[in-house]
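Undergrad: Please read through the structure below; I'll follow up with questions.
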Amino acid sequence: MIKEQKPTVFVVDDDSAVRDSLRLLLKSVGLPVEVFESGQEFLDAERDDRPGCLVLDIRMPGMSGLELQVKLNERHSILPIIFITGHGDVPMAVEAMQAGAVDFIQKPFRDQDLLDRINQALEKDAGSRRMLAERNMIRKRLESLTPREREVLDLVVAGKANKVIAGDLNLSQRTVEIHRARVMEKMEAHSLAHLVRMVLEVEHPEA
């Protein structure tokens with residue numbers, strides 16, 4: 001069994017004093033932490049596919065926090081982002097939230113407030129990764145079906161009875177029953193409702 005990676009808090013801030021204080025704070029509560037002084041340094045390190053969350057300064061020279069967020073979105077990164085903002089940055093923070101950031105915190109902030117937000121972001125990340133792993137597993141099961149089993153599955157999910165499926169596919173009802181049983185077995189479905197839910201989960205996740 002693959003060992004689960006421990007989530008890491010990634011900090012991107014151009015201010016070395018902020019980086020040092022956040023590193024000490026996070027280490028003091030036992031959270032693995034990696035710090036970067038620019039968005040480009042973080043991108044070059046290719047850390048966005050690892051579990052954890054990103055604590056990101058919204059205003060930085062060169063690549064801003066918002067620009068880094070755009071680049072991570074282009075990479076389909078699911079890493080939750082918490083923005084650190086100054087007093088005048090609230091409109092930017094709202095824009096960041098609309099682009100998928102999970103939270104923002106205004107300077108100066110209490111250590112505990114930031115830790116609470118980080119713990120919430122780590123929970124969100126773990127949930128997202130569980131969901132992705134589950135969808136990938138369902139996709140692999142779908143790929144294991146033969147073309148005929150896939151046809152039967154699609155008609156079962158559409159709510160058609162075995163007799164109707166048999167007519168649609170020009171098969172005997174018994175043959176449909178055999179295919180249907182194999183589909184249930186390969187998909188590891190406990191019931192018809194479970195089967196339908198799995199297929200909808202990967203093919204119509206927004207439903």
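To be explicit about the labels: the chains of the structure tokens are called A, B, and onward in the order shown, and within each one the residues are counted from 1, while ligands get numbers from 1 in the order they are shown.
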Mind checking which residues fall within 10 Å of A:Arg141, counting only C-alpha atoms, ignoring those fewer than 2 positions away in the same chain, and posting them as a PyMOL selection string?
TA: chain A and resi 135-139+143-145+183+185-188
Undergrad: Print the selection's residues with C-alpha atoms to a file, as a PDB file, in the first residue's frame.
TA:
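Result file selection.pdb:
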```pdb
ATOM      1  CA  ARG A 135     -13.078   9.072  -9.316  1.00  0.00           C
ATOM      2  CA  ASN A 136      -9.846   7.733 -10.806  1.00  0.00           C
ATOM      3  CA  MET A 137     -10.611   4.292  -9.365  1.00  0.00           C
ATOM      4  CA  ILE A 138     -14.115   4.373 -10.876  1.00  0.00           C
ATOM      5  CA  ARG A 139     -12.666   5.426 -14.269  1.00  0.00           C
ATOM      6  CA  GLU A 143     -12.140   1.105 -18.678  1.00  0.00           C
ATOM      7  CA  SER A 144     -12.125  -2.599 -17.721  1.00  0.00           C
ATOM      8  CA  LEU A 145     -15.591  -3.122 -19.254  1.00  0.00           C
ATOM      9  CA  VAL A 183     -20.815  -5.053 -14.918  1.00  0.00           C
ATOM     10  CA  GLU A 185     -18.895  -7.290 -10.392  1.00  0.00           C
ATOM     11  CA  LYS A 186     -16.290  -5.276 -12.344  1.00  0.00           C
ATOM     12  CA  MET A 187     -17.616  -1.961 -11.037  1.00  0.00           C
ATOM     13  CA  GLU A 188     -17.705  -3.380  -7.471  1.00  0.00           C
TER      14      GLU A 188
END
```
Undergrad: Point out the residue among A:Arg117, A:Leu66, A:Ala45, A:Leu122 with the least atom-to-atom distance to A:Ala99, counting only C-alpha atoms.
TA: A:Leu66
Undergrad: Separation of atom CA of A:Lys27 and atom CA of A:Leu115, in Å?
TA: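 A separation of 11.4 Å between them.
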Undergrad: Among stretch 11-112 of chain A, which ones does DSSP assign to alpha helix (DSSP H) (computed from the backbone)? Answer as a PyMOL selection string.
TA: chain A and resi 16-28+39-45+65-74+90-98+111-112
Undergrad: Take the residues from that selection and put them in a file with N, CA and C atoms, as a compact mmCIF listing (two decimals), in the first residue's frame.
TA:
```txt
# COMPACT_ATOMS: atom_id res chain seq x y z
N SER A 16 11.49 38.18 4.07
CA SER A 16 12.19 37.10 4.78
C SER A 16 11.76 36.99 6.24
N ALA A 17 11.41 38.13 6.86
CA ALA A 17 10.97 38.09 8.27
C ALA A 17 9.65 37.34 8.39
N VAL A 18 8.75 37.55 7.43
CA VAL A 18 7.45 36.85 7.43
C VAL A 18 7.69 35.35 7.21
N ARG A 19 8.56 35.04 6.25
CA ARG A 19 8.84 33.62 5.98
C ARG A 19 9.40 32.93 7.22
N ASP A 20 10.34 33.58 7.87
CA ASP A 20 10.96 32.98 9.06
C ASP A 20 9.94 32.80 10.19
N SER A 21 9.11 33.81 10.42
CA SER A 21 8.15 33.72 11.53
C SER A 21 7.10 32.65 11.24
N LEU A 22 6.66 32.55 9.99
CA LEU A 22 5.66 31.52 9.64
C LEU A 22 6.27 30.12 9.71
N ARG A 23 7.54 30.02 9.31
CA ARG A 23 8.20 28.70 9.40
C ARG A 23 8.27 28.25 10.86
N LEU A 24 8.66 29.17 11.74
CA LEU A 24 8.75 28.83 13.17
C LEU A 24 7.38 28.50 13.75
N LEU A 25 6.37 29.30 13.39
CA LEU A 25 5.01 29.07 13.89
C LEU A 25 4.51 27.69 13.49
N LEU A 26 4.65 27.35 12.21
CA LEU A 26 4.12 26.08 11.71
C LEU A 26 4.89 24.89 12.27
N LYS A 27 6.22 25.05 12.39
CA LYS A 27 7.01 23.96 12.99
C LYS A 27 6.63 23.75 14.45
N SER A 28 6.28 24.85 15.14
CA SER A 28 5.94 24.75 16.57
C SER A 28 4.69 23.93 16.81
N GLY A 39 6.87 33.67 -6.36
CA GLY A 39 5.96 32.74 -7.04
C GLY A 39 6.71 31.87 -8.03
N GLN A 40 7.70 32.47 -8.72
CA GLN A 40 8.46 31.71 -9.71
C GLN A 40 9.26 30.59 -9.06
N GLU A 41 9.83 30.88 -7.89
CA GLU A 41 10.59 29.85 -7.16
C GLU A 41 9.68 28.68 -6.80
N PHE A 42 8.46 29.00 -6.39
CA PHE A 42 7.50 27.94 -6.04
C PHE A 42 7.15 27.11 -7.28
N LEU A 43 6.88 27.79 -8.41
CA LEU A 43 6.54 27.08 -9.65
C LEU A 43 7.69 26.19 -10.11
N ASP A 44 8.91 26.73 -10.01
CA ASP A 44 10.08 25.95 -10.46
C ASP A 44 10.28 24.70 -9.60
N ALA A 45 9.84 24.78 -8.34
CA ALA A 45 10.00 23.63 -7.43
C ALA A 45 8.95 22.55 -7.68
N GLY A 65 0.82 37.45 -6.10
CA GLY A 65 0.10 36.26 -5.64
C GLY A 65 -1.02 35.87 -6.57
N LEU A 66 -1.73 36.89 -7.10
CA LEU A 66 -2.83 36.61 -8.03
C LEU A 66 -2.32 35.97 -9.31
N GLU A 67 -1.17 36.43 -9.80
CA GLU A 67 -0.60 35.86 -11.04
C GLU A 67 -0.17 34.40 -10.80
N LEU A 68 0.38 34.13 -9.61
CA LEU A 68 0.74 32.75 -9.29
C LEU A 68 -0.52 31.88 -9.24
N GLN A 69 -1.60 32.41 -8.66
CA GLN A 69 -2.86 31.67 -8.60
C GLN A 69 -3.34 31.30 -10.01
N VAL A 70 -3.25 32.27 -10.93
CA VAL A 70 -3.67 32.01 -12.32
C VAL A 70 -2.85 30.87 -12.92
N LYS A 71 -1.53 30.90 -12.69
CA LYS A 71 -0.66 29.86 -13.25
C LYS A 71 -0.97 28.49 -12.63
N LEU A 72 -1.27 28.47 -11.35
CA LEU A 72 -1.63 27.19 -10.70
C LEU A 72 -2.96 26.68 -11.23
N ASN A 73 -3.90 27.58 -11.47
CA ASN A 73 -5.19 27.17 -12.06
C ASN A 73 -4.98 26.57 -13.45
N GLU A 74 -4.04 27.16 -14.20
CA GLU A 74 -3.74 26.63 -15.55
C GLU A 74 -3.16 25.22 -15.47
N VAL A 90 -8.31 44.21 0.11
CA VAL A 90 -9.54 43.40 0.21
C VAL A 90 -10.20 43.18 -1.15
N PRO A 91 -10.33 44.21 -2.03
CA PRO A 91 -10.92 43.94 -3.36
C PRO A 91 -10.14 42.88 -4.13
N MET A 92 -8.80 42.92 -4.02
CA MET A 92 -7.98 41.89 -4.68
C MET A 92 -8.25 40.52 -4.08
N ALA A 93 -8.42 40.49 -2.75
CA ALA A 93 -8.67 39.22 -2.08
C ALA A 93 -10.01 38.64 -2.52
N VAL A 94 -11.00 39.50 -2.71
CA VAL A 94 -12.31 39.04 -3.20
C VAL A 94 -12.16 38.43 -4.60
N GLU A 95 -11.35 39.10 -5.44
CA GLU A 95 -11.06 38.58 -6.79
C GLU A 95 -10.39 37.20 -6.70
N ALA A 96 -9.47 37.08 -5.74
CA ALA A 96 -8.77 35.81 -5.53
C ALA A 96 -9.73 34.71 -5.11
N MET A 97 -10.68 35.04 -4.23
CA MET A 97 -11.68 34.07 -3.79
C MET A 97 -12.53 33.61 -4.97
N GLN A 98 -12.89 34.56 -5.83
CA GLN A 98 -13.70 34.21 -7.01
C GLN A 98 -12.93 33.29 -7.95
N ASP A 111 -1.70 34.59 15.31
CA ASP A 111 -1.19 33.28 14.89
C ASP A 111 -2.29 32.23 14.87
N GLN A 112 -3.14 32.22 15.90
CA GLN A 112 -4.17 31.20 15.99
C GLN A 112 -5.18 31.31 14.85
```
Undergrad: Find the residues around stretch 192-201 of chain A up to 10 Å (only C-alpha atoms counted), leave out those fewer than 5 positions away in its own chain, and share them as a short mmCIF file (atom, residue, chain, number, x, y, z; two decimals) with C-alpha atoms, in the first residue's frame.
TA:
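Result file is result36.cif:
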```cif
data_model
loop_
_atom_site.label_atom_id
_atom_site.label_comp_id
_atom_site.auth_asym_id
_atom_site.auth_seq_id
_atom_site.Cartn_x
_atom_site.Cartn_y
_atom_site.Cartn_z
CA MET A 131 -12.64 12.44 -4.12
CA GLU A 134 -12.19 7.68 -5.88
CA ARG A 135 -13.08 9.07 -9.32
CA ILE A 138 -14.12 4.37 -10.88
CA ARG A 139 -12.67 5.43 -14.27
CA LEU A 142 -15.16 1.64 -16.39
CA LEU A 153 -24.20 -0.24 -18.37
CA ASP A 154 -25.32 2.94 -20.18
CA VAL A 156 -29.01 0.34 -17.05
CA VAL A 157 -27.98 3.82 -15.86
CA ALA A 158 -30.64 5.29 -18.17
CA GLY A 159 -33.17 3.28 -16.13
CA VAL A 183 -20.82 -5.05 -14.92
CA MET A 184 -21.86 -5.07 -11.26
CA MET A 187 -17.62 -1.96 -11.04
CA GLU A 206 -21.78 18.63 -11.37
CA ALA A 207 -25.12 16.76 -11.27
#
```
Undergrad: As a PyMOL selection string, list the residues of stretch 1-191 of chain A assigned to strand (DSSP E) by DSSP on the backbone atoms of this structure.
TA: chain A and resi 8-12+33-36+52-57+81-85+103-106
Undergrad: Take the residues from that selection and put them in a file with C-alpha atoms, as a short mmCIF file (atom, residue, chain, number, x, y, z; two decimals), in the first residue's frame.
TA:
```cif
data_model
loop_
_atom_site.label_atom_id
_atom_site.label_comp_id
_atom_site.auth_asym_id
_atom_site.auth_seq_id
_atom_site.Cartn_x
_atom_site.Cartn_y
_atom_site.Cartn_z
CA THR A 8 2.89 20.37 3.78
CA VAL A 9 2.18 24.07 4.26
CA PHE A 10 3.88 26.02 1.46
CA VAL A 11 4.58 29.67 2.22
CA VAL A 12 5.31 32.14 -0.59
CA VAL A 33 6.54 23.70 6.07
CA GLU A 34 8.46 24.85 2.99
CA VAL A 35 9.07 28.52 2.24
CA PHE A 36 9.68 30.34 -1.05
CA GLY A 52 -1.10 20.53 1.69
CA CYS A 53 -2.03 24.17 1.27
CA LEU A 54 -0.43 27.39 0.09
CA VAL A 55 -0.10 30.53 2.22
CA LEU A 56 0.52 33.25 -0.32
CA ASP A 57 1.25 36.97 -0.07
CA ILE A 81 -4.71 28.90 -1.31
CA ILE A 82 -4.90 31.25 1.70
CA PHE A 83 -3.91 34.80 0.77
CA ILE A 84 -2.14 37.14 3.17
CA THR A 85 -3.36 40.67 2.43
CA ASP A 103 -9.58 32.16 2.35
CA PHE A 104 -7.70 35.38 2.98
CA ILE A 105 -6.34 36.86 6.17
CA GLN A 106 -5.47 40.51 6.77
#
```
Undergrad: Between atom CA of A:Ile58 and atom CA of A:Gly86, what is the distance in Å, rounded to a tenth?
TA: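 For atom CA of A:Ile58 relative to atom CA of A:Gly86, the distance reads 8.2 Å.
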Undergrad: When distances are computed from only C-alpha atoms, which of A:Leu132, A:Val102, A:Leu114, A:Gly88 shows the smallest separation from A:Val202?
TA: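 Closest to A:Val202 of all the choices is A:Leu132.
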